[in-house]
Amino acid sequence: MAPRARGHGVSVRAPGPVGDWIVARSARWESLLREMVDVTSGRCDPRGLEAMRDVLRRELEALGGRPELVAGEARPDWIWPRLASDVEPLLVIRGPKRGGIRVLFCGHLDTVFDPGGPFVAMTDGSSCDAAGTDRVATGPGVIDMKGGLVSIVAILAALDAAGASAGGVDWTVALVPDEEIGSLMSARALAALAPQHDVGLVFEPCRDNGDLVLSRGGSGQCLVEATGRAVHAGREPEKGINAVDALARAIVMLGESQDFTRGIALTAGPVRGGETANIVPDSAAAWVGLRWRDAEGEESIRRAVAAVERGSPDALPWVRTRLALSRPAKPLTPQVEALGRELCELLALRGESAGIGHSGGVSDANILEGAGLPTLDGIGPRGGNMHRHDEFIRLDSLSRRAAAVGDLVAMIAARGGVAPHG
Ligand SMILES: [Zn+2]
């Protein structure tokens with residue numbers, strides 16, 4: 001039987017059996033986490049990504065999942081950073097058809113860490129945090145987001161064990177190879193999955209304080225390229241047209257469009273231009289990271305970028321731009337907030353405190369919500385120091401948080417719809 005909820009603010013009475021099943025097997029989830037963390041899958045390394053896919057295939061095929069590789073898209077060739085590897089596919093695993101609520105579980109296989117670097121394995125988990133209350137382990141991707149991938153396996157295993165008593169859940173798992181570099185290979189395939197589902201669950205870690213991440217800003221990138229005319233810098237500088245100067249003016253203009261109070265940031269760099277000091281440079285380029293909070297901010301950014309364009313191949317200097325606004329802002333919708341509040345109650349029953357949080361950072365939830373799928377995010381385990389060599393997980397939060405999400409999924413399935421009963 002699934003735990004009951006009666007809408008907003010009224011409560012979920014007791015932890016459910018799906019979550020209990022997960023908590024009772026916490027040692028199993030920790031060892032699966034260690035297996036995944038010890039596979040280095042940073043920087044779109046094809047070998048590491050394939051090893052991660054093998055682990056997920058093994059775990060989810062055992063639950064009746066049918067894996068399929070969906071071709072990724074080539075990233076625009078101007079996007080920074082450039083990659084050595086070819087296009088990587090999205091691994092999509094579909095569970096048995098039960099005619100129930102359709103839930104899209106989403107996670108990314110990549111980390112930010114160099115597979116050849118010094119941070120390649122998980123510690124034994126015998127140390128505690130500063131307060132001495134939680135067991136912690138460090139490792140590359142341990143919280144971002146291999147802990148979340150383990151949560152997905154744990155929840156689906158628990159639903160499988162519960163069988164019909166957990167209600168019908170038609171699950172799909174989407175495993176993204178390139179989230180840490182913008183999900184440009186995966187965005188279209190993810191957006192295509194969104195309308196086939198009733199709710200999306202993205203297992204990025206919760207905020208350091210335990211809050212869910214139910215809204216996020218948007219992000220993108222632009223390339224500003226300037227073309228001038230090269231001449232000898234000493235002999236006839238007056239005939240030259242300096243592309244670096246033109247680019248610098250464009251960068252200053254973009255900087256003036258920043259408005260941190262509205263969440264609008266345009267961050268220039270890397271910047272390239274010129275080869276030597278005695279030639280007026282005829283080409284220069286800057287990559288600019290773009291962040292915004294809402295649709296209005298996205299529009300402001302489009303205008304700011306368009307405003308720096310000038311000239312033409314026949315009227316130098318020529319400044320042109322290319323724009324990829326790959327992840328739209330994810331506003332907090334009433335439906336997602338209501339689901340988030342239910343999850344907070346379920347988390348509290350498991351001893352995990354959580355509230356409704358926002359992040360300026362982006363994730364694949366931006367893409368799913370942008371494609372119309374109500375999506376909860378930041379529902380993975382709790383840890384911190386993401387993207388640093390002391391990235392850590394609070395080990396007990398792994399099964400407790402997965403348990404609460406498992407209870408939520410069972411509850412949604414039992415009532416046959418995402419919306420709480422009023
Ligand atoms: Zn992540």
# chains A, B, ... in the order shown; residues from 1 in each chain; ligands from 1

call {"tool": "residues_near_ligand", "arguments": {"ligand": "ligand 1", "cutoff": "8 Å", "atoms": "only C-alpha atoms and all ligand atoms", "output": "list in words"}}
result
Gly107, His108, Thr111, Asp144, Met145, Glu179, Glu180, Glu204, Pro205 and Ser363 of chain A

call {"tool": "write_last_selection", "arguments": {"atoms": "C-alpha atoms", "output": "PDB file, in the first residue's frame"}}
result
ATOM      1  CA  GLY A 107      20.514  11.125 -14.965  1.00  0.00           C
ATOM      2  CA  HIS A 108      23.872  11.899 -16.499  1.00  0.00           C
ATOM      3  CA  THR A 111      31.523  13.878 -14.527  1.00  0.00           C
ATOM      4  CA  ASP A 144      27.156  14.696  -9.105  1.00  0.00           C
ATOM      5  CA  MET A 145      25.615  12.409  -9.974  1.00  0.00           C
ATOM      6  CA  GLU A 179      25.339  17.004 -19.166  1.00  0.00           C
ATOM      7  CA  GLU A 180      28.480  18.587 -17.750  1.00  0.00           C
ATOM      8  CA  GLU A 204      20.891  15.800  -9.469  1.00  0.00           C
ATOM      9  CA  PRO A 205      21.982  16.219  -5.841  1.00  0.00           C
ATOM     10  CA  SER A 363      20.534  20.656 -15.512  1.00  0.00           C
TER      11      SER A 363
END

call {"tool": "closest_atom_pairs", "arguments": {"of": "region 139-250 of chain A", "to": "region 63-76 of chain A", "cutoff": "12 Å", "atoms": "only C-alpha atoms", "output": "JSON lines"}}
result
{"residue": "A:Ile152", "atom": "CA", "partner": "A:Leu63", "partner_atom": "CA", "distance": 12.0}
{"residue": "A:Val153", "atom": "CA", "partner": "A:Leu63", "partner_atom": "CA", "distance": 9.2}
{"residue": "A:Ala154", "atom": "CA", "partner": "A:Leu63", "partner_atom": "CA", "distance": 10.8}
{"residue": "A:Ile155", "atom": "CA", "partner": "A:Leu63", "partner_atom": "CA", "distance": 11.0}
{"residue": "A:Leu156", "atom": "CA", "partner": "A:Leu63", "partner_atom": "CA", "distance": 7.5}
{"residue": "A:Ala157", "atom": "CA", "partner": "A:Leu63", "partner_atom": "CA", "distance": 6.7}
{"residue": "A:Ala158", "atom": "CA", "partner": "A:Leu63", "partner_atom": "CA", "distance": 9.9}
{"residue": "A:Leu159", "atom": "CA", "partner": "A:Leu63", "partner_atom": "CA", "distance": 9.5}
{"residue": "A:Asp160", "atom": "CA", "partner": "A:Leu63", "partner_atom": "CA", "distance": 6.6}
{"residue": "A:Ala161", "atom": "CA", "partner": "A:Leu63", "partner_atom": "CA", "distance": 9.2}
{"residue": "A:Ala162", "atom": "CA", "partner": "A:Leu63", "partner_atom": "CA", "distance": 11.9}
{"residue": "A:Gly163", "atom": "CA", "partner": "A:Leu63", "partner_atom": "CA", "distance": 11.0}
{"residue": "A:Asp170", "atom": "CA", "partner": "A:Gly65", "partner_atom": "CA", "distance": 10.5}
{"residue": "A:Trp171", "atom": "CA", "partner": "A:Gly65", "partner_atom": "CA", "distance": 8.8}
{"residue": "A:Thr172", "atom": "CA", "partner": "A:Gly65", "partner_atom": "CA", "distance": 8.4}
{"residue": "A:Val173", "atom": "CA", "partner": "A:Gly65", "partner_atom": "CA", "distance": 9.0}
{"residue": "A:Ala174", "atom": "CA", "partner": "A:Val70", "partner_atom": "CA", "distance": 9.8}
{"residue": "A:Leu175", "atom": "CA", "partner": "A:Leu69", "partner_atom": "CA", "distance": 9.7}
{"residue": "A:Val176", "atom": "CA", "partner": "A:Gly72", "partner_atom": "CA", "distance": 9.5}
{"residue": "A:Pro177", "atom": "CA", "partner": "A:Gly72", "partner_atom": "CA", "distance": 9.1}
{"residue": "A:Asp178", "atom": "CA", "partner": "A:Gly72", "partner_atom": "CA", "distance": 9.8}
{"residue": "A:Ile181", "atom": "CA", "partner": "A:Arg75", "partner_atom": "CA", "distance": 10.2}
{"residue": "A:Gly182", "atom": "CA", "partner": "A:Arg75", "partner_atom": "CA", "distance": 9.5}
{"residue": "A:Ser183", "atom": "CA", "partner": "A:Arg75", "partner_atom": "CA", "distance": 9.0}
{"residue": "A:Leu184", "atom": "CA", "partner": "A:Arg75", "partner_atom": "CA", "distance": 5.7}
{"residue": "A:Met185", "atom": "CA", "partner": "A:Glu73", "partner_atom": "CA", "distance": 4.4}
{"residue": "A:Ser186", "atom": "CA", "partner": "A:Gly72", "partner_atom": "CA", "distance": 5.5}
{"residue": "A:Ala187", "atom": "CA", "partner": "A:Glu73", "partner_atom": "CA", "distance": 8.3}
{"residue": "A:Arg188", "atom": "CA", "partner": "A:Glu73", "partner_atom": "CA", "distance": 7.7}
{"residue": "A:Ala189", "atom": "CA", "partner": "A:Val70", "partner_atom": "CA", "distance": 7.2}
{"residue": "A:Leu190", "atom": "CA", "partner": "A:Val70", "partner_atom": "CA", "distance": 9.9}
{"residue": "A:Ala192", "atom": "CA", "partner": "A:Val70", "partner_atom": "CA", "distance": 10.9}
{"residue": "A:Leu193", "atom": "CA", "partner": "A:Val70", "partner_atom": "CA", "distance": 10.9}
{"residue": "A:Gln221", "atom": "CA", "partner": "A:Pro76", "partner_atom": "CA", "distance": 11.0}
{"residue": "A:Cys222", "atom": "CA", "partner": "A:Pro76", "partner_atom": "CA", "distance": 11.0}
{"residue": "A:Leu223", "atom": "CA", "partner": "A:Pro76", "partner_atom": "CA", "distance": 11.0}

call {"tool": "select_by_dssp", "arguments": {"residues": "region 227-349 of chain A", "states": "strand (DSSP E)", "output": "number ranges by chain"}}
result
A: 227, 265-273, 283-292, 310-312, 315-327

call {"tool": "atom_distance", "arguments": {"atom1": "CA of Asp86 (chain A)", "atom2": "CA of Asp110 (chain A)"}}
result
14.7 Å

call {"tool": "closest_residue", "arguments": {"among": "A:Ser126, A:Gln196, A:Ser151, A:Ser165", "to": "Arg400 (chain A)", "atoms": "only C-alpha atoms"}}
result
A:Ser151

call {"tool": "closest_residue", "arguments": {"among": "A:Arg272, A:His197, A:Arg58, A:Arg47", "to": "Glu369 (chain A)", "atoms": "only C-alpha atoms"}}
result
A:His197

call {"tool": "select_by_dssp", "arguments": {"residues": "region 55-238 of chain A", "states": "helix (DSSP H, G or I)", "output": "PyMOL selection string"}}
result
chain A and resi 55-61+142-166+179-181+187-196+237-238

call {"tool": "write_last_selection", "arguments": {"atoms": "C-alpha atoms", "output": "PDB file, in the first residue's frame"}}
result
ATOM      1  CA  VAL A  55      26.532  -1.083 -15.295  1.00  0.00           C
ATOM      2  CA  LEU A  56      23.149   0.570 -15.850  1.00  0.00           C
ATOM      3  CA  ARG A  57      22.144  -1.930 -18.543  1.00  0.00           C
ATOM      4  CA  ARG A  58      22.978  -4.821 -16.220  1.00  0.00           C
ATOM      5  CA  GLU A  59      20.987  -3.366 -13.311  1.00  0.00           C
ATOM      6  CA  LEU A  60      17.926  -2.301 -15.313  1.00  0.00           C
ATOM      7  CA  GLU A  61      17.717  -5.268 -17.695  1.00  0.00           C
ATOM      8  CA  VAL A 142      30.039  10.612  -6.049  1.00  0.00           C
ATOM      9  CA  ILE A 143      27.305  13.209  -5.575  1.00  0.00           C
ATOM     10  CA  ASP A 144      27.156  14.696  -9.105  1.00  0.00           C
ATOM     11  CA  MET A 145      25.615  12.409  -9.974  1.00  0.00           C
ATOM     12  CA  LYS A 146      26.487   8.788  -9.510  1.00  0.00           C
ATOM     13  CA  GLY A 147      24.648   8.841  -6.191  1.00  0.00           C
ATOM     14  CA  GLY A 148      21.576   9.907  -8.172  1.00  0.00           C
ATOM     15  CA  LEU A 149      22.064   7.084 -10.675  1.00  0.00           C
ATOM     16  CA  VAL A 150      22.144   4.613  -7.785  1.00  0.00           C
ATOM     17  CA  SER A 151      18.909   6.181  -6.473  1.00  0.00           C
ATOM     18  CA  ILE A 152      17.244   5.453  -9.813  1.00  0.00           C
ATOM     19  CA  VAL A 153      18.274   1.788  -9.675  1.00  0.00           C
ATOM     20  CA  ALA A 154      17.164   1.482  -6.036  1.00  0.00           C
ATOM     21  CA  ILE A 155      13.729   2.991  -6.709  1.00  0.00           C
ATOM     22  CA  LEU A 156      13.061   0.854  -9.774  1.00  0.00           C
ATOM     23  CA  ALA A 157      14.221  -2.284  -7.961  1.00  0.00           C
ATOM     24  CA  ALA A 158      11.889  -1.463  -5.063  1.00  0.00           C
ATOM     25  CA  LEU A 159       8.926  -0.849  -7.379  1.00  0.00           C
ATOM     26  CA  ASP A 160       9.701  -4.136  -9.142  1.00  0.00           C
ATOM     27  CA  ALA A 161       9.800  -6.000  -5.825  1.00  0.00           C
ATOM     28  CA  ALA A 162       6.521  -4.423  -4.760  1.00  0.00           C
ATOM     29  CA  GLY A 163       4.857  -5.543  -8.005  1.00  0.00           C
ATOM     30  CA  ALA A 164       1.212  -4.639  -8.439  1.00  0.00           C
ATOM     31  CA  SER A 165       0.890  -3.389  -4.862  1.00  0.00           C
ATOM     32  CA  ALA A 166       2.919  -0.289  -5.810  1.00  0.00           C
ATOM     33  CA  GLU A 179      25.339  17.004 -19.166  1.00  0.00           C
ATOM     34  CA  GLU A 180      28.480  18.587 -17.750  1.00  0.00           C
ATOM     35  CA  ILE A 181      29.244  20.199 -21.110  1.00  0.00           C
ATOM     36  CA  ALA A 187      18.900  17.912 -25.844  1.00  0.00           C
ATOM     37  CA  ARG A 188      16.777  16.950 -28.828  1.00  0.00           C
ATOM     38  CA  ALA A 189      16.394  13.305 -27.763  1.00  0.00           C
ATOM     39  CA  LEU A 190      15.480  14.386 -24.215  1.00  0.00           C
ATOM     40  CA  ALA A 191      12.926  16.896 -25.481  1.00  0.00           C
ATOM     41  CA  ALA A 192      11.392  14.151 -27.645  1.00  0.00           C
ATOM     42  CA  LEU A 193      10.958  11.891 -24.583  1.00  0.00           C
ATOM     43  CA  ALA A 194       9.241  14.604 -22.526  1.00  0.00           C
ATOM     44  CA  PRO A 195       5.734  14.461 -24.110  1.00  0.00           C
ATOM     45  CA  GLN A 196       5.665  10.667 -23.769  1.00  0.00           C
ATOM     46  CA  PRO A 237      49.223  50.691 -39.591  1.00  0.00           C
ATOM     47  CA  GLU A 238      46.722  53.248 -40.909  1.00  0.00           C
TER      48      GLU A 238
END

call {"tool": "atom_distance", "arguments": {"atom1": "CA of Glu352 (chain A)", "atom2": "CA of Asn209 (chain A)"}}
result
10.1 Å

call {"tool": "residues_around", "arguments": {"residues": "Phe113 (chain A)", "least_positions_apart": "2", "cutoff": "8 Å", "atoms": "only C-alpha atoms", "output": "PyMOL selection string"}}
result
chain A and resi 40-43+111+115+117+119+140-141+387
